[in-house]
Amino acid sequence: MGVNTEFVTANFDGPIAYLHLNRPNRRNALSLEMMQSLMAALENAAARTATRVIVLAGAGPAFSAGHDLAEMRDTRDPTFYAELFTTCTNLMESLHALRVPIIAKVHGVATAAGCQLVASCDLAVCTETARFATPGVNIGLFCSTPMVPISRAVGRKRAMEMLLTGTMIDAATAVDWGLVNRAVPADDLDAVVDELAATIAAASAEVITLGKRAFWQQIEADEHDAYGHAAQVMQENAMLDDAQEGMTAFLEKRAPRWTGS
């Protein structure tokens, strides 16, 4: 399968890249081709020099309903399944590896691999009516890969409740559990996400990239190893031109002038 550029649309507004999952008639189901298209779109957006933040949303009535069950039902070919789930893993890991922060902008439902996608993004903002679930257990297909980022976002007991029951959680619960950062009225979603993205984009791009990479590298380490890694990153950070400029600007009580700004 090749990359279908119609499955993911992109537009750019200065430092912010907006990507939309674009299979609204399938509730943005993550078929193999859809995931390949999303990876390509993410890489292209991050490769754009001006891009400081990527906002990921879904077209139509839902963010994403997860894997395309029709595609999965039509075959029992182990080679296909291996490619499907390897691609899914590569997609989710790429969200952490890309140099810029990625914000999930969620409306409607985000279920199974769609919920996994939300949990894998650096930040997430949803509407107050959004809902989340890992309902695979109800159709005989346990959400084992969604389990990985979701359990790291919400903790063991809450993740197990989602995985074992398949029950939807509402937006308020998703905020309380740490799956998303905040829930806002639908009419405010665009403005809130744009403000969040603009705040991040105003910082040094080099420092944001360094900090994001350090976060994901230390998050699963024990405290001692995490401190060792973070201290090395701080030393590297302090030597950057943007760090010196930022400290100087603070002491001089003026706005910093970042490299490349």
# chains A, B, ... in the order shown; residues from 1 in each chain; ligands from 1

call {"tool": "residues_around", "arguments": {"residues": "range 123-127 of chain A", "least_positions_apart": "4", "cutoff": "12 Å", "atoms": "only C-alpha atoms", "output": "PyMOL selection string"}}
result
chain A and resi 53-58+62-63+95-96+100-110+115-119+131-132+153+170-175+178-197+200+212

call {"tool": "closest_atom_pairs", "arguments": {"of": "range 154-230 of chain A", "to": "range 242-254 of chain A", "cutoff": "8 Å", "atoms": "only C-alpha atoms", "output": "JSON lines"}}
result
{"residue": "A:Ser204", "atom": "CA", "partner": "A:Asp242", "partner_atom": "CA", "distance": 6.7}
{"residue": "A:Glu206", "atom": "CA", "partner": "A:Asp242", "partner_atom": "CA", "distance": 7.8}
{"residue": "A:Val207", "atom": "CA", "partner": "A:Asp242", "partner_atom": "CA", "distance": 7.5}

call {"tool": "write_last_selection", "arguments": {"atoms": "N, CA, C and O atoms", "output": "mmCIF file, in the first residue's frame"}}
result
data_model
loop_
_atom_site.group_PDB
_atom_site.id
_atom_site.type_symbol
_atom_site.label_atom_id
_atom_site.label_comp_id
_atom_site.auth_asym_id
_atom_site.auth_seq_id
_atom_site.Cartn_x
_atom_site.Cartn_y
_atom_site.Cartn_z
ATOM 1 N N SER A 204 11.804 29.142 22.370
ATOM 2 C CA SER A 204 12.888 28.743 21.478
ATOM 3 C C SER A 204 12.605 27.357 20.909
ATOM 4 O O SER A 204 12.417 26.395 21.660
ATOM 5 N N GLU A 206 14.657 25.364 19.431
ATOM 6 C CA GLU A 206 15.752 24.463 19.781
ATOM 7 C C GLU A 206 15.600 23.933 21.205
ATOM 8 O O GLU A 206 15.806 22.744 21.468
ATOM 9 N N VAL A 207 15.191 24.806 22.110
ATOM 10 C CA VAL A 207 15.031 24.405 23.503
ATOM 11 C C VAL A 207 13.819 23.490 23.678
ATOM 12 O O VAL A 207 13.862 22.512 24.438
#

call {"tool": "select_by_dssp", "arguments": {"residues": "range 108-245 of chain A", "states": "helix (DSSP H, G or I)", "output": "JSON, numbers by chain"}}
result
{"A": [113, 114, 115, 116, 117, 118, 119, 120, 135, 136, 137, 138, 139, 144, 145, 146, 147, 148, 149, 150, 151, 152, 153, 154, 156, 157, 158, 159, 160, 161, 162, 163, 164, 165, 171, 172, 173, 174, 175, 176, 177, 186, 187, 188, 189, 190, 191, 192, 193, 194, 195, 196, 197, 198, 199, 200, 201, 205, 206, 207, 208, 209, 210, 211, 212, 213, 214, 215, 216, 217, 218, 223, 224, 225, 226, 227, 228, 229, 230, 231, 232, 233, 234, 235, 236, 237, 238, 241, 242, 243, 244, 245]}

call {"tool": "residues_around", "arguments": {"residues": "Thr9 in chain A", "least_positions_apart": "6", "cutoff": "7 Å", "atoms": "only C-alpha atoms", "output": "MDAnalysis selection string"}}
result
chainID A and resid 19:22

call {"tool": "select_by_dssp", "arguments": {"residues": "range 43-170 of chain A", "states": "strand (DSSP E or B)", "output": "list of chain:residue names"}}
result
A:Val53, A:Ile54, A:Val55, A:Leu56, A:Ala57, A:Gly58, A:Ser64, A:His67, A:Ile102, A:Ile103, A:Ala104, A:Lys105, A:Val106, A:Val109, A:Ala110, A:Thr111, A:Leu123, A:Ala124, A:Val125, A:Cys126, A:Thr127, A:Arg131, A:Phe132, A:Ala133, A:Ile169, A:Asp170

call {"tool": "residues_around", "arguments": {"residues": "Ala133 in chain A", "least_positions_apart": "6", "cutoff": "9 Å", "atoms": "only C-alpha atoms", "output": "list in words"}}
result
Val109, Ala110, Thr111, Ala112, Gly114, Cys115, Met162, Leu163, Gly166, Thr167, Met168 and Ile169 of chain A

call {"tool": "write_last_selection", "arguments": {"atoms": "C-alpha atoms", "output": "PDB file, in the first residue's frame"}}
result
ATOM      1  CA  VAL A 109     -15.163   9.743  20.345  1.00  0.00           C
ATOM      2  CA  ALA A 110     -11.597   8.481  20.519  1.00  0.00           C
ATOM      3  CA  THR A 111     -11.730   4.725  20.959  1.00  0.00           C
ATOM      4  CA  ALA A 112      -9.261   1.815  20.868  1.00  0.00           C
ATOM      5  CA  GLY A 114      -7.912   6.324  18.456  1.00  0.00           C
ATOM      6  CA  CYS A 115      -7.650   6.594  22.237  1.00  0.00           C
ATOM      7  CA  MET A 162     -10.914   0.844  30.767  1.00  0.00           C
ATOM      8  CA  LEU A 163      -9.356  -2.281  29.249  1.00  0.00           C
ATOM      9  CA  GLY A 166     -14.550  -1.349  27.536  1.00  0.00           C
ATOM     10  CA  THR A 167     -16.747   1.313  29.146  1.00  0.00           C
ATOM     11  CA  MET A 168     -16.695   4.860  27.807  1.00  0.00           C
ATOM     12  CA  ILE A 169     -15.309   7.580  30.053  1.00  0.00           C
TER      13      ILE A 169
END

call {"tool": "closest_residue", "arguments": {"among": "A:Ala202, A:Met35, A:Ile208, A:Ala97", "to": "Pro15 in chain A", "atoms": "only C-alpha atoms"}}
result
A:Ala202

call {"tool": "closest_residue", "arguments": {"among": "A:Ala17, A:Thr145, A:Ile219, A:Leu32", "to": "Ala47 in chain A", "atoms": "only C-alpha atoms"}}
result
A:Ala17

call {"tool": "atom_distance", "arguments": {"atom1": "CA of Lys157 in chain A", "atom2": "CA of Gly136 in chain A"}}
result
17.6 Å
